[in-house]
file query24.cif (mmCIF, C-alpha atoms, pLDDT in the B column; chains and numbers go by the auth columns)
data_my_file
#
loop_
_atom_site.group_PDB
_atom_site.id
_atom_site.type_symbol
_atom_site.label_atom_id
_atom_site.label_comp_id
_atom_site.label_asym_id
_atom_site.label_seq_id
_atom_site.Cartn_x
_atom_site.Cartn_y
_atom_site.Cartn_z
_atom_site.B_iso_or_equiv
_atom_site.auth_seq_id
_atom_site.auth_asym_id
ATOM 1 C CA MET A 1 0.000 0.000 0.000 76.00 20 A
ATOM 2 C CA ARG A 2 1.077 3.551 -0.678 84.00 21 A
ATOM 3 C CA VAL A 3 0.281 6.159 1.971 90.00 22 A
ATOM 4 C CA LEU A 4 0.571 9.946 2.033 93.00 23 A
ATOM 5 C CA LEU A 5 1.504 11.166 5.528 95.00 24 A
ATOM 6 C CA VAL A 6 0.806 14.864 6.136 96.00 25 A
ATOM 7 C CA GLU A 7 2.750 15.749 9.283 94.00 26 A
ATOM 8 C CA ASP A 8 4.899 18.799 10.072 91.00 27 A
ATOM 9 C CA SER A 9 6.850 17.181 12.910 91.00 28 A
ATOM 10 C CA GLU A 10 9.965 15.615 11.403 91.00 29 A
ATOM 11 C CA LYS A 11 10.356 13.330 14.417 92.00 30 A
ATOM 12 C CA VAL A 12 6.768 12.037 14.312 91.00 31 A
ATOM 13 C CA ALA A 13 6.905 11.613 10.531 92.00 32 A
ATOM 14 C CA SER A 14 10.146 9.634 10.784 91.00 33 A
ATOM 15 C CA VAL A 15 8.739 7.311 13.465 92.00 34 A
ATOM 16 C CA LEU A 16 5.531 6.648 11.541 92.00 35 A
ATOM 17 C CA ARG A 17 7.300 6.211 8.224 89.00 36 A
ATOM 18 C CA ARG A 18 9.666 3.618 9.630 89.00 37 A
ATOM 19 C CA ALA A 19 6.948 1.786 11.563 89.00 38 A
ATOM 20 C CA LEU A 20 4.668 1.553 8.534 88.00 39 A
ATOM 21 C CA GLY A 21 7.616 0.664 6.312 84.00 40 A
ATOM 22 C CA VAL A 22 8.154 -2.464 8.393 82.00 41 A
ATOM 23 C CA ASP A 23 4.625 -3.506 7.395 78.00 42 A
ATOM 24 C CA GLY A 24 5.378 -2.998 3.727 77.00 43 A
ATOM 25 C CA TYR A 25 3.784 0.434 3.319 83.00 44 A
ATOM 26 C CA ALA A 26 5.394 2.915 0.935 84.00 45 A
ATOM 27 C CA VAL A 27 5.091 6.277 2.720 90.00 46 A
ATOM 28 C CA ASP A 28 5.442 9.732 1.173 91.00 47 A
ATOM 29 C CA VAL A 29 5.600 12.711 3.541 93.00 48 A
ATOM 30 C CA ALA A 30 4.218 16.227 3.109 93.00 49 A
ATOM 31 C CA GLU A 31 4.972 18.786 5.819 93.00 50 A
ATOM 32 C CA ALA A 32 1.999 21.081 5.146 94.00 51 A
ATOM 33 C CA GLY A 33 -1.438 21.151 3.574 92.00 52 A
ATOM 34 C CA GLU A 34 -0.559 22.956 0.351 92.00 53 A
ATOM 35 C CA PRO A 35 2.021 20.450 -0.929 92.00 54 A
ATOM 36 C CA ALA A 36 -0.226 17.607 0.264 92.00 55 A
ATOM 37 C CA LEU A 37 -2.993 18.791 -2.056 91.00 56 A
ATOM 38 C CA GLY A 38 -0.736 18.533 -5.103 88.00 57 A
ATOM 39 C CA MET A 39 0.702 15.190 -4.057 88.00 58 A
ATOM 40 C CA ALA A 40 -2.698 13.648 -3.352 87.00 59 A
ATOM 41 C CA ALA A 41 -4.123 14.906 -6.636 80.00 60 A
ATOM 42 C CA GLY A 42 -1.128 13.827 -8.706 71.00 61 A
ATOM 43 C CA GLY A 43 -0.279 10.528 -7.035 63.00 62 A
ATOM 44 C CA ARG A 44 -2.218 7.341 -6.482 73.00 63 A
ATOM 45 C CA TYR A 45 -2.490 6.684 -2.756 83.00 64 A
ATOM 46 C CA ASP A 46 -4.400 4.031 -0.860 83.00 65 A
ATOM 47 C CA ALA A 47 -4.783 6.273 2.196 89.00 66 A
ATOM 48 C CA VAL A 48 -3.907 9.712 3.546 93.00 67 A
ATOM 49 C CA ILE A 49 -2.849 10.148 7.178 95.00 68 A
ATOM 50 C CA LEU A 50 -3.589 13.795 7.918 95.00 69 A
ATOM 51 C CA ASP A 51 -2.549 15.666 11.053 94.00 70 A
ATOM 52 C CA VAL A 52 -4.919 18.437 12.123 92.00 71 A
ATOM 53 C CA MET A 53 -2.303 20.860 13.469 91.00 72 A
ATOM 54 C CA LEU A 54 -0.352 21.970 10.409 93.00 73 A
ATOM 55 C CA PRO A 55 1.385 25.256 9.589 91.00 74 A
ATOM 56 C CA GLY A 56 -0.803 27.573 7.542 90.00 75 A
ATOM 57 C CA MET A 57 -3.803 25.581 6.343 91.00 76 A
ATOM 58 C CA ASP A 58 -4.921 23.131 9.029 93.00 77 A
ATOM 59 C CA GLY A 59 -5.956 19.527 8.491 92.00 78 A
ATOM 60 C CA PHE A 60 -9.674 20.298 8.416 92.00 79 A
ATOM 61 C CA GLU A 61 -9.290 22.771 5.560 93.00 80 A
ATOM 62 C CA THR A 62 -6.819 20.495 3.773 94.00 81 A
ATOM 63 C CA CYS A 63 -9.348 17.655 3.867 92.00 82 A
ATOM 64 C CA ARG A 64 -12.153 19.896 2.620 91.00 83 A
ATOM 65 C CA ARG A 65 -10.005 21.009 -0.313 90.00 84 A
ATOM 66 C CA LEU A 66 -9.053 17.425 -1.137 88.00 85 A
ATOM 67 C CA ARG A 67 -12.716 16.485 -1.369 87.00 86 A
ATOM 68 C CA SER A 68 -13.570 19.627 -3.335 83.00 87 A
ATOM 69 C CA ALA A 69 -10.847 18.679 -5.816 82.00 88 A
ATOM 70 C CA GLY A 70 -12.430 15.269 -6.300 80.00 89 A
ATOM 71 C CA VAL A 71 -9.776 13.297 -4.415 83.00 90 A
ATOM 72 C CA GLY A 72 -11.601 10.289 -2.963 82.00 91 A
ATOM 73 C CA THR A 73 -8.663 8.648 -1.202 86.00 92 A
ATOM 74 C CA PRO A 74 -9.600 7.500 2.324 90.00 93 A
ATOM 75 C CA VAL A 75 -8.386 9.990 4.956 92.00 94 A
ATOM 76 C CA LEU A 76 -7.389 9.109 8.520 94.00 95 A
ATOM 77 C CA MET A 77 -7.197 12.298 10.577 93.00 96 A
ATOM 78 C CA LEU A 78 -4.833 12.576 13.561 92.00 97 A
ATOM 79 C CA SER A 79 -5.357 15.079 16.346 88.00 98 A
ATOM 80 C CA GLY A 80 -4.637 15.739 19.983 84.00 99 A
ATOM 81 C CA ARG A 81 -8.117 17.236 20.198 78.00 100 A
ATOM 82 C CA GLY A 82 -10.506 14.459 21.173 72.00 101 A
ATOM 83 C CA GLU A 83 -13.696 16.296 22.029 80.00 102 A
ATOM 84 C CA VAL A 84 -16.852 15.163 20.269 82.00 103 A
ATOM 85 C CA THR A 85 -17.121 18.494 18.471 83.00 104 A
ATOM 86 C CA ASP A 86 -13.577 18.070 17.097 79.00 105 A
ATOM 87 C CA ARG A 87 -14.314 14.546 15.866 82.00 106 A
ATOM 88 C CA VAL A 88 -17.518 15.714 14.229 85.00 107 A
ATOM 89 C CA HIS A 89 -15.646 18.627 12.615 84.00 108 A
ATOM 90 C CA GLY A 90 -13.086 16.230 11.180 86.00 109 A
ATOM 91 C CA LEU A 91 -15.642 13.817 9.778 87.00 110 A
ATOM 92 C CA GLU A 92 -17.760 16.626 8.350 87.00 111 A
ATOM 93 C CA SER A 93 -14.695 18.030 6.586 88.00 112 A
ATOM 94 C CA GLY A 94 -14.481 14.764 4.633 88.00 113 A
ATOM 95 C CA ALA A 95 -12.296 12.487 6.768 89.00 114 A
ATOM 96 C CA ASP A 96 -13.174 8.786 6.896 89.00 115 A
ATOM 97 C CA ASP A 97 -11.772 8.190 10.376 91.00 116 A
ATOM 98 C CA TYR A 98 -10.415 10.197 13.301 91.00 117 A
ATOM 99 C CA LEU A 99 -7.670 8.998 15.652 90.00 118 A
ATOM 100 C CA VAL A 100 -6.845 10.874 18.856 90.00 119 A
ATOM 101 C CA LYS A 101 -3.244 11.323 20.025 86.00 120 A
ATOM 102 C CA PRO A 102 -1.528 9.655 21.753 86.00 121 A
ATOM 103 C CA PHE A 103 -2.356 6.421 19.951 88.00 122 A
ATOM 104 C CA SER A 104 -0.775 3.000 19.617 89.00 123 A
ATOM 105 C CA LEU A 105 0.873 1.936 16.379 89.00 124 A
ATOM 106 C CA ALA A 106 -1.223 -1.235 16.503 89.00 125 A
ATOM 107 C CA GLU A 107 -4.414 0.836 16.405 91.00 126 A
ATOM 108 C CA LEU A 108 -3.080 3.011 13.578 91.00 127 A
ATOM 109 C CA ARG A 109 -2.259 -0.097 11.542 88.00 128 A
ATOM 110 C CA ALA A 110 -5.690 -1.600 12.210 88.00 129 A
ATOM 111 C CA ARG A 111 -7.467 1.578 11.128 89.00 130 A
ATOM 112 C CA LEU A 112 -5.395 1.778 7.944 87.00 131 A
ATOM 113 C CA ARG A 113 -6.279 -1.808 7.098 82.00 132 A
ATOM 114 C CA ALA A 114 -9.960 -1.012 7.663 82.00 133 A
ATOM 115 C CA LEU A 115 -9.737 2.030 5.379 82.00 134 A
ATOM 116 C CA ALA A 116 -8.018 -0.038 2.700 73.00 135 A
ATOM 117 C CA ARG A 117 -11.016 -2.367 2.584 69.00 136 A
ATOM 118 C CA ARG A 118 -13.322 0.522 1.679 66.00 137 A
ATOM 119 C CA PRO A 119 -13.781 1.464 -1.968 60.00 138 A
ATOM 120 C CA PRO A 120 -12.424 4.956 -2.767 56.00 139 A
ATOM 121 C CA LEU A 121 -15.053 7.694 -3.010 54.00 140 A
ATOM 122 C CA ASN A 122 -14.205 8.318 -6.647 52.00 141 A
ATOM 123 C CA GLY A 123 -14.697 4.623 -7.446 48.00 142 A
ATOM 124 C CA SER A 124 -11.267 4.146 -9.042 48.00 143 A
ATOM 125 C CA PRO A 125 -10.001 0.579 -8.591 48.00 144 A
ATOM 126 C CA PRO A 126 -6.904 0.058 -6.449 62.00 145 A
ATOM 127 C CA VAL A 127 -5.516 -2.695 -8.671 78.00 146 A
ATOM 128 C CA LEU A 128 -2.433 -1.847 -10.770 85.00 147 A
ATOM 129 C CA ARG A 129 -2.054 -3.295 -14.269 87.00 148 A
ATOM 130 C CA VAL A 130 0.785 -3.132 -16.762 89.00 149 A
ATOM 131 C CA GLY A 131 -0.056 -5.292 -19.746 89.00 150 A
ATOM 132 C CA ASP A 132 -1.052 -8.671 -18.327 90.00 151 A
ATOM 133 C CA LEU A 133 0.861 -8.049 -15.078 93.00 152 A
ATOM 134 C CA TRP A 134 -1.578 -7.445 -12.203 92.00 153 A
ATOM 135 C CA LEU A 135 -0.885 -6.220 -8.653 90.00 154 A
ATOM 136 C CA ASP A 136 -3.351 -5.573 -5.838 84.00 155 A
ATOM 137 C CA PRO A 137 -1.852 -3.289 -3.136 78.00 156 A
ATOM 138 C CA VAL A 138 -4.578 -4.215 -0.650 70.00 157 A
ATOM 139 C CA SER A 139 -4.410 -8.020 -0.781 75.00 158 A
ATOM 140 C CA HIS A 140 -0.712 -8.116 -1.784 82.00 159 A
ATOM 141 C CA ALA A 141 -1.624 -10.400 -4.672 89.00 160 A
ATOM 142 C CA VAL A 142 0.363 -10.474 -7.926 93.00 161 A
ATOM 143 C CA SER A 143 -0.415 -12.411 -11.066 93.00 162 A
ATOM 144 C CA ARG A 144 0.512 -12.513 -14.739 92.00 163 A
ATOM 145 C CA GLY A 145 -1.870 -13.798 -17.360 88.00 164 A
ATOM 146 C CA GLY A 146 -4.036 -15.096 -14.535 87.00 165 A
ATOM 147 C CA ARG A 147 -1.200 -17.103 -12.951 91.00 166 A
ATOM 148 C CA PRO A 148 -0.445 -16.096 -9.317 94.00 167 A
ATOM 149 C CA ILE A 149 3.105 -15.064 -8.434 95.00 168 A
ATOM 150 C CA ALA A 150 4.511 -15.315 -4.891 95.00 169 A
ATOM 151 C CA LEU A 151 6.716 -12.375 -3.894 94.00 170 A
ATOM 152 C CA THR A 152 8.499 -11.435 -0.697 93.00 171 A
ATOM 153 C CA LYS A 153 7.556 -8.173 1.054 90.00 172 A
ATOM 154 C CA THR A 154 10.534 -6.316 -0.428 91.00 173 A
ATOM 155 C CA GLU A 155 9.997 -7.720 -3.922 94.00 174 A
ATOM 156 C CA PHE A 156 6.349 -6.668 -3.734 92.00 175 A
ATOM 157 C CA ALA A 157 7.231 -3.131 -2.575 90.00 176 A
ATOM 158 C CA LEU A 158 9.738 -2.724 -5.408 92.00 177 A
ATOM 159 C CA LEU A 159 7.320 -3.992 -8.063 94.00 178 A
ATOM 160 C CA GLU A 160 4.490 -1.817 -6.698 89.00 179 A
ATOM 161 C CA THR A 161 6.712 1.270 -6.868 88.00 180 A
ATOM 162 C CA LEU A 162 7.592 0.574 -10.498 91.00 181 A
ATOM 163 C CA MET A 163 4.013 -0.274 -11.502 90.00 182 A
ATOM 164 C CA ARG A 164 2.500 2.870 -9.997 83.00 183 A
ATOM 165 C CA SER A 165 4.104 4.929 -12.755 82.00 184 A
ATOM 166 C CA PRO A 166 4.700 2.731 -15.838 85.00 185 A
ATOM 167 C CA GLY A 167 7.251 4.191 -18.201 87.00 186 A
ATOM 168 C CA ARG A 168 8.756 6.457 -15.571 87.00 187 A
ATOM 169 C CA VAL A 169 12.437 5.831 -14.878 90.00 188 A
ATOM 170 C CA HIS A 170 13.156 5.491 -11.167 88.00 189 A
ATOM 171 C CA THR A 171 16.704 6.294 -10.089 89.00 190 A
ATOM 172 C CA ARG A 172 18.553 3.996 -7.720 87.00 191 A
ATOM 173 C CA ARG A 173 18.478 6.690 -5.041 84.00 192 A
ATOM 174 C CA ALA A 174 14.715 7.123 -5.396 83.00 193 A
ATOM 175 C CA LEU A 175 14.131 3.372 -5.145 87.00 194 A
ATOM 176 C CA ILE A 176 16.291 3.071 -2.042 85.00 195 A
ATOM 177 C CA ASP A 177 14.414 5.953 -0.424 78.00 196 A
ATOM 178 C CA ARG A 178 11.007 4.499 -1.323 77.00 197 A
ATOM 179 C CA VAL A 179 11.478 0.744 -0.870 84.00 198 A
ATOM 180 C CA TRP A 180 14.227 0.619 1.751 80.00 199 A
ATOM 181 C CA ASP A 181 13.360 3.958 3.407 69.00 200 A
ATOM 182 C CA GLY A 182 16.888 5.185 2.654 62.00 201 A
ATOM 183 C CA ARG A 183 18.445 2.601 4.969 65.00 202 A
ATOM 184 C CA ASP A 184 20.690 0.904 2.387 59.00 203 A
ATOM 185 C CA ASP A 185 23.957 2.380 1.192 58.00 204 A
ATOM 186 C CA HIS A 186 23.425 3.720 -2.326 56.00 205 A
ATOM 187 C CA ARG A 187 26.735 2.159 -3.304 60.00 206 A
ATOM 188 C CA SER A 188 25.497 -1.382 -2.578 73.00 207 A
ATOM 189 C CA ASN A 189 23.982 -3.653 -5.217 87.00 208 A
ATOM 190 C CA VAL A 190 20.779 -4.356 -3.276 90.00 209 A
ATOM 191 C CA ILE A 191 18.573 -2.935 -6.047 91.00 210 A
ATOM 192 C CA GLU A 192 20.263 -4.969 -8.745 93.00 211 A
ATOM 193 C CA VAL A 193 19.807 -8.092 -6.614 94.00 212 A
ATOM 194 C CA TYR A 194 16.081 -7.506 -6.109 95.00 213 A
ATOM 195 C CA VAL A 195 15.492 -6.520 -9.722 96.00 214 A
ATOM 196 C CA SER A 196 17.072 -9.839 -10.632 96.00 215 A
ATOM 197 C CA TYR A 197 14.735 -11.629 -8.195 96.00 216 A
ATOM 198 C CA LEU A 198 11.717 -9.900 -9.744 96.00 217 A
ATOM 199 C CA ARG A 199 12.740 -10.715 -13.291 96.00 218 A
ATOM 200 C CA ALA A 200 13.133 -14.359 -12.305 97.00 219 A
ATOM 201 C CA LYS A 201 9.548 -14.390 -11.024 96.00 220 A
ATOM 202 C CA VAL A 202 7.484 -11.987 -13.144 96.00 221 A
ATOM 203 C CA ASP A 203 9.345 -11.914 -16.472 96.00 222 A
ATOM 204 C CA ARG A 204 11.391 -14.958 -17.405 96.00 223 A
ATOM 205 C CA PRO A 205 8.802 -17.679 -16.640 95.00 224 A
ATOM 206 C CA PHE A 206 6.414 -15.840 -18.985 95.00 225 A
ATOM 207 C CA GLY A 207 8.908 -15.047 -21.718 94.00 226 A
ATOM 208 C CA ARG A 208 8.666 -11.301 -20.996 93.00 227 A
ATOM 209 C CA ARG A 209 11.048 -8.390 -20.398 93.00 228 A
ATOM 210 C CA SER A 210 8.844 -5.868 -18.636 95.00 229 A
ATOM 211 C CA ILE A 211 11.392 -4.586 -16.130 96.00 230 A
ATOM 212 C CA LYS A 212 13.838 -2.460 -18.069 95.00 231 A
ATOM 213 C CA THR A 213 17.262 -1.161 -17.108 94.00 232 A
ATOM 214 C CA VAL A 214 18.012 2.402 -18.196 92.00 233 A
ATOM 215 C CA HIS A 215 21.789 2.331 -17.989 91.00 234 A
ATOM 216 C CA GLY A 216 23.291 5.026 -15.838 87.00 235 A
ATOM 217 C CA VAL A 217 19.862 6.132 -14.592 89.00 236 A
ATOM 218 C CA GLY A 218 17.699 3.407 -13.052 92.00 237 A
ATOM 219 C CA TYR A 219 14.760 1.120 -13.787 94.00 238 A
ATOM 220 C CA THR A 220 11.267 1.244 -15.261 94.00 239 A
ATOM 221 C CA VAL A 221 8.457 -1.167 -16.071 93.00 240 A
ATOM 222 C CA LEU A 222 6.756 -1.285 -19.466 89.00 241 A
ATOM 223 C CA ALA A 223 4.035 -3.378 -21.038 78.00 242 A
ATOM 224 C CA ASP A 224 5.513 -5.787 -23.587 68.00 243 A
#

call {"tool": "encode", "arguments": {"input": "query24.cif", "output": "C-alpha cells"}}
result
Amino acid sequence: MRVLLVEDSEKVASVLRRALGVDGYAVDVAEAGEPALGMAAGGRYDAVILDVMLPGMDGFETCRRLRSAGVGTPVLMLSGRGEVTDRVHGLESGADDYLVKPFSLAELRARLRALARRPPLNGSPPVLRVGDLWLDPVSHAVSRGGRPIALTKTEFALLETLMRSPGRVHTRRALIDRVWDGRDDHRSNVIEVYVSYLRAKVDRPFGRRSIKTVHGVGYTVLAD
C-alpha cells in the first residue's frame, strides 16, 4: 500500500514512516497542507494520514479542499483534540476516520487496514495493471496472465513502486528511499539483486522483459 503522511513534525513523521515501512507500506511525507494537495491529486495513494495541526492551512481545511478537488482517497485524521465536536468537525470536513493522540501503532495499523477495505469515493479501482501483469496493493496479490506469483515483502514493494508509474524511470536513489526507506547504502547492489529476483519471477517464466534497465539512470516497467 502507498500512503501519504501529512505531518509537520519531522520526528513524528520519521517514526511513523519507519513503523509503517516495516509492514510494507510505501510512505510519502508532506509537511503542510498545500504540498499535500498537489501530491494527493497527482499521485495514487491508498490512504492519507492527515494531522490536524499543520502550519498555515490546518488539516480540516486540507481535507475539505481534497474532497472539493475530487480526491476520494480514504483519509485518517490525527489530532490531539478528542472532544466530540472536534471529531464531528473532522468527519464533516471529509475524513473517513479520526484517531486521537496519543495512539498506539497497533491501532493506527488496524485503522489503515480497515480504510483499505473501503472502496475509494471516486470509485477508481486500487488494482495496478501493466499489460497482463496485475498487482493488488490491498491483498498483496500479484499475477501474470491469470497465474499467481509469490513475492516477498521487499519484492512486492519494489514492483508496486515501479508499476504505480509505468514508463517512468526510477533512479537507484529514489528506489532506495522508497522501498528501503533510505536505509541501504546507495553504493550497494541491493537494487540490482532484487530486480534480478523480480525478473526471475514476473518476467522470465512468462517469456517477458517488462522490467527495463536504463543504464546510468535506473529502472522502469513497461508493457511488452

call {"tool": "resolve_selection", "arguments": {"input": "query24.cif", "expression": "the PyMOL selection byres ((chain A and resi 163) around 7)", "output": "NGL selection string"}}
result
:A and (151-153 or 162 or 164-167)

call {"tool": "resolve_selection", "arguments": {"input": "query24.cif", "expression": "the PyMOL selection byres ((chain A and resi 58) around 12)", "output": "MDAnalysis selection string"}}
result
chainID A and resid 22:25 47:57 59:64 67 85 90 92

call {"tool": "write_last_selection", "arguments": {"input": "query24.cif", "atoms": "C-alpha atoms", "output": "JSON list (two decimals), in the frame of the given file"}}
result
[["chain", "number", "residue", "atom", "x", "y", "z"],
["A", 22, "VAL", "CA", 0.28, 6.16, 1.97],
["A", 23, "LEU", "CA", 0.57, 9.95, 2.03],
["A", 24, "LEU", "CA", 1.50, 11.17, 5.53],
["A", 25, "VAL", "CA", 0.81, 14.86, 6.14],
["A", 47, "ASP", "CA", 5.44, 9.73, 1.17],
["A", 48, "VAL", "CA", 5.60, 12.71, 3.54],
["A", 49, "ALA", "CA", 4.22, 16.23, 3.11],
["A", 50, "GLU", "CA", 4.97, 18.79, 5.82],
["A", 51, "ALA", "CA", 2.00, 21.08, 5.15],
["A", 52, "GLY", "CA", -1.44, 21.15, 3.57],
["A", 53, "GLU", "CA", -0.56, 22.96, 0.35],
["A", 54, "PRO", "CA", 2.02, 20.45, -0.93],
["A", 55, "ALA", "CA", -0.23, 17.61, 0.26],
["A", 56, "LEU", "CA", -2.99, 18.79, -2.06],
["A", 57, "GLY", "CA", -0.74, 18.53, -5.10],
["A", 59, "ALA", "CA", -2.70, 13.65, -3.35],
["A", 60, "ALA", "CA", -4.12, 14.91, -6.64],
["A", 61, "GLY", "CA", -1.13, 13.83, -8.71],
["A", 62, "GLY", "CA", -0.28, 10.53, -7.04],
["A", 63, "ARG", "CA", -2.22, 7.34, -6.48],
["A", 64, "TYR", "CA", -2.49, 6.68, -2.76],
["A", 67, "VAL", "CA", -3.91, 9.71, 3.55],
["A", 85, "LEU", "CA", -9.05, 17.42, -1.14],
["A", 90, "VAL", "CA", -9.78, 13.30, -4.42],
["A", 92, "THR", "CA", -8.66, 8.65, -1.20]]

call {"tool": "closest_residue", "arguments": {"input": "query24.cif", "among": "A:Ala66, A:Val157, A:Leu39, A:Ala176", "to": "Leu124 of chain A", "atoms": "all atoms listed in the file"}}
result
A:Leu39

call {"tool": "atom_distance", "arguments": {"input": "query24.cif", "atom1": "atom CA of Val221 of chain A", "atom2": "atom CA of Ile168 of chain A"}}
result
7.1 Å

call {"tool": "atom_distance", "arguments": {"input": "query24.cif", "atom1": "atom CA of Tyr216 of chain A", "atom2": "atom CA of Ser229 of chain A"}}
result
13.3 Å

call {"tool": "resolve_selection", "arguments": {"input": "query24.cif", "expression": "the PyMOL selection byres ((chain A and resi 130-134) around 12)", "output": "PyMOL selection string"}}
result
chain A and resi 20-24+39+42+44+64-68+91-97+114-118+122-129+135-140+156-158

call {"tool": "atom_distance", "arguments": {"input": "query24.cif", "atom1": "atom CA of Leu178 of chain A", "atom2": "atom CA of Arg223 of chain A"}}
result
15.0 Å

call {"tool": "residues_around", "arguments": {"input": "query24.cif", "residues": "Arg228 of chain A", "least_positions_apart": "5", "cutoff": "10 Å", "atoms": "all atoms listed in the file", "output": "PyMOL selection string"}}
result
chain A and resi 218+221-223+240-243

call {"tool": "closest_residue", "arguments": {"input": "query24.cif", "among": "A:Thr190, A:Ser112, A:Thr173, A:Thr180", "to": "Val233 of chain A", "atoms": "all atoms listed in the file"}}
result
A:Thr190

call {"tool": "residues_near_point", "arguments": {"input": "query24.cif", "point": "(15.7, 1.6, -16.8)", "cutoff": "10 Å", "atoms": "only C-alpha atoms", "output": "list in words"}}
result
Gly186, Arg187, Val188, His189, Thr190, Arg191, Ile230, Lys231, Thr232, Val233, His234, Gly235, Val236, Gly237, Tyr238, Thr239, Val240 and Leu241 of chain A

call {"tool": "write_last_selection", "arguments": {"input": "query24.cif", "atoms": "C-alpha atoms", "output": "PDB file, in the coordinates of the input"}}
result
ATOM      1  CA  GLY A 186       7.251   4.191 -18.201  1.00 87.00           C
ATOM      2  CA  ARG A 187       8.756   6.457 -15.571  1.00 87.00           C
ATOM      3  CA  VAL A 188      12.437   5.831 -14.878  1.00 90.00           C
ATOM      4  CA  HIS A 189      13.156   5.491 -11.167  1.00 88.00           C
ATOM      5  CA  THR A 190      16.704   6.294 -10.089  1.00 89.00           C
ATOM      6  CA  ARG A 191      18.553   3.996  -7.720  1.00 87.00           C
ATOM      7  CA  ILE A 230      11.392  -4.586 -16.130  1.00 96.00           C
ATOM      8  CA  LYS A 231      13.838  -2.460 -18.069  1.00 95.00           C
ATOM      9  CA  THR A 232      17.262  -1.161 -17.108  1.00 94.00           C
ATOM     10  CA  VAL A 233      18.012   2.402 -18.196  1.00 92.00           C
ATOM     11  CA  HIS A 234      21.789   2.331 -17.989  1.00 91.00           C
ATOM     12  CA  GLY A 235      23.291   5.026 -15.838  1.00 87.00           C
ATOM     13  CA  VAL A 236      19.862   6.132 -14.592  1.00 89.00           C
ATOM     14  CA  GLY A 237      17.699   3.407 -13.052  1.00 92.00           C
ATOM     15  CA  TYR A 238      14.760   1.120 -13.787  1.00 94.00           C
ATOM     16  CA  THR A 239      11.267   1.244 -15.261  1.00 94.00           C
ATOM     17  CA  VAL A 240       8.457  -1.167 -16.071  1.00 93.00           C
ATOM     18  CA  LEU A 241       6.756  -1.285 -19.466  1.00 89.00           C
TER      19      LEU A 241
END

call {"tool": "closest_residue", "arguments": {"input": "query24.cif", "among": "A:Val103, A:Val149, A:Ala45, A:Ala88", "to": "Ser184 of chain A", "atoms": "all atoms listed in the file"}}
result
A:Val149
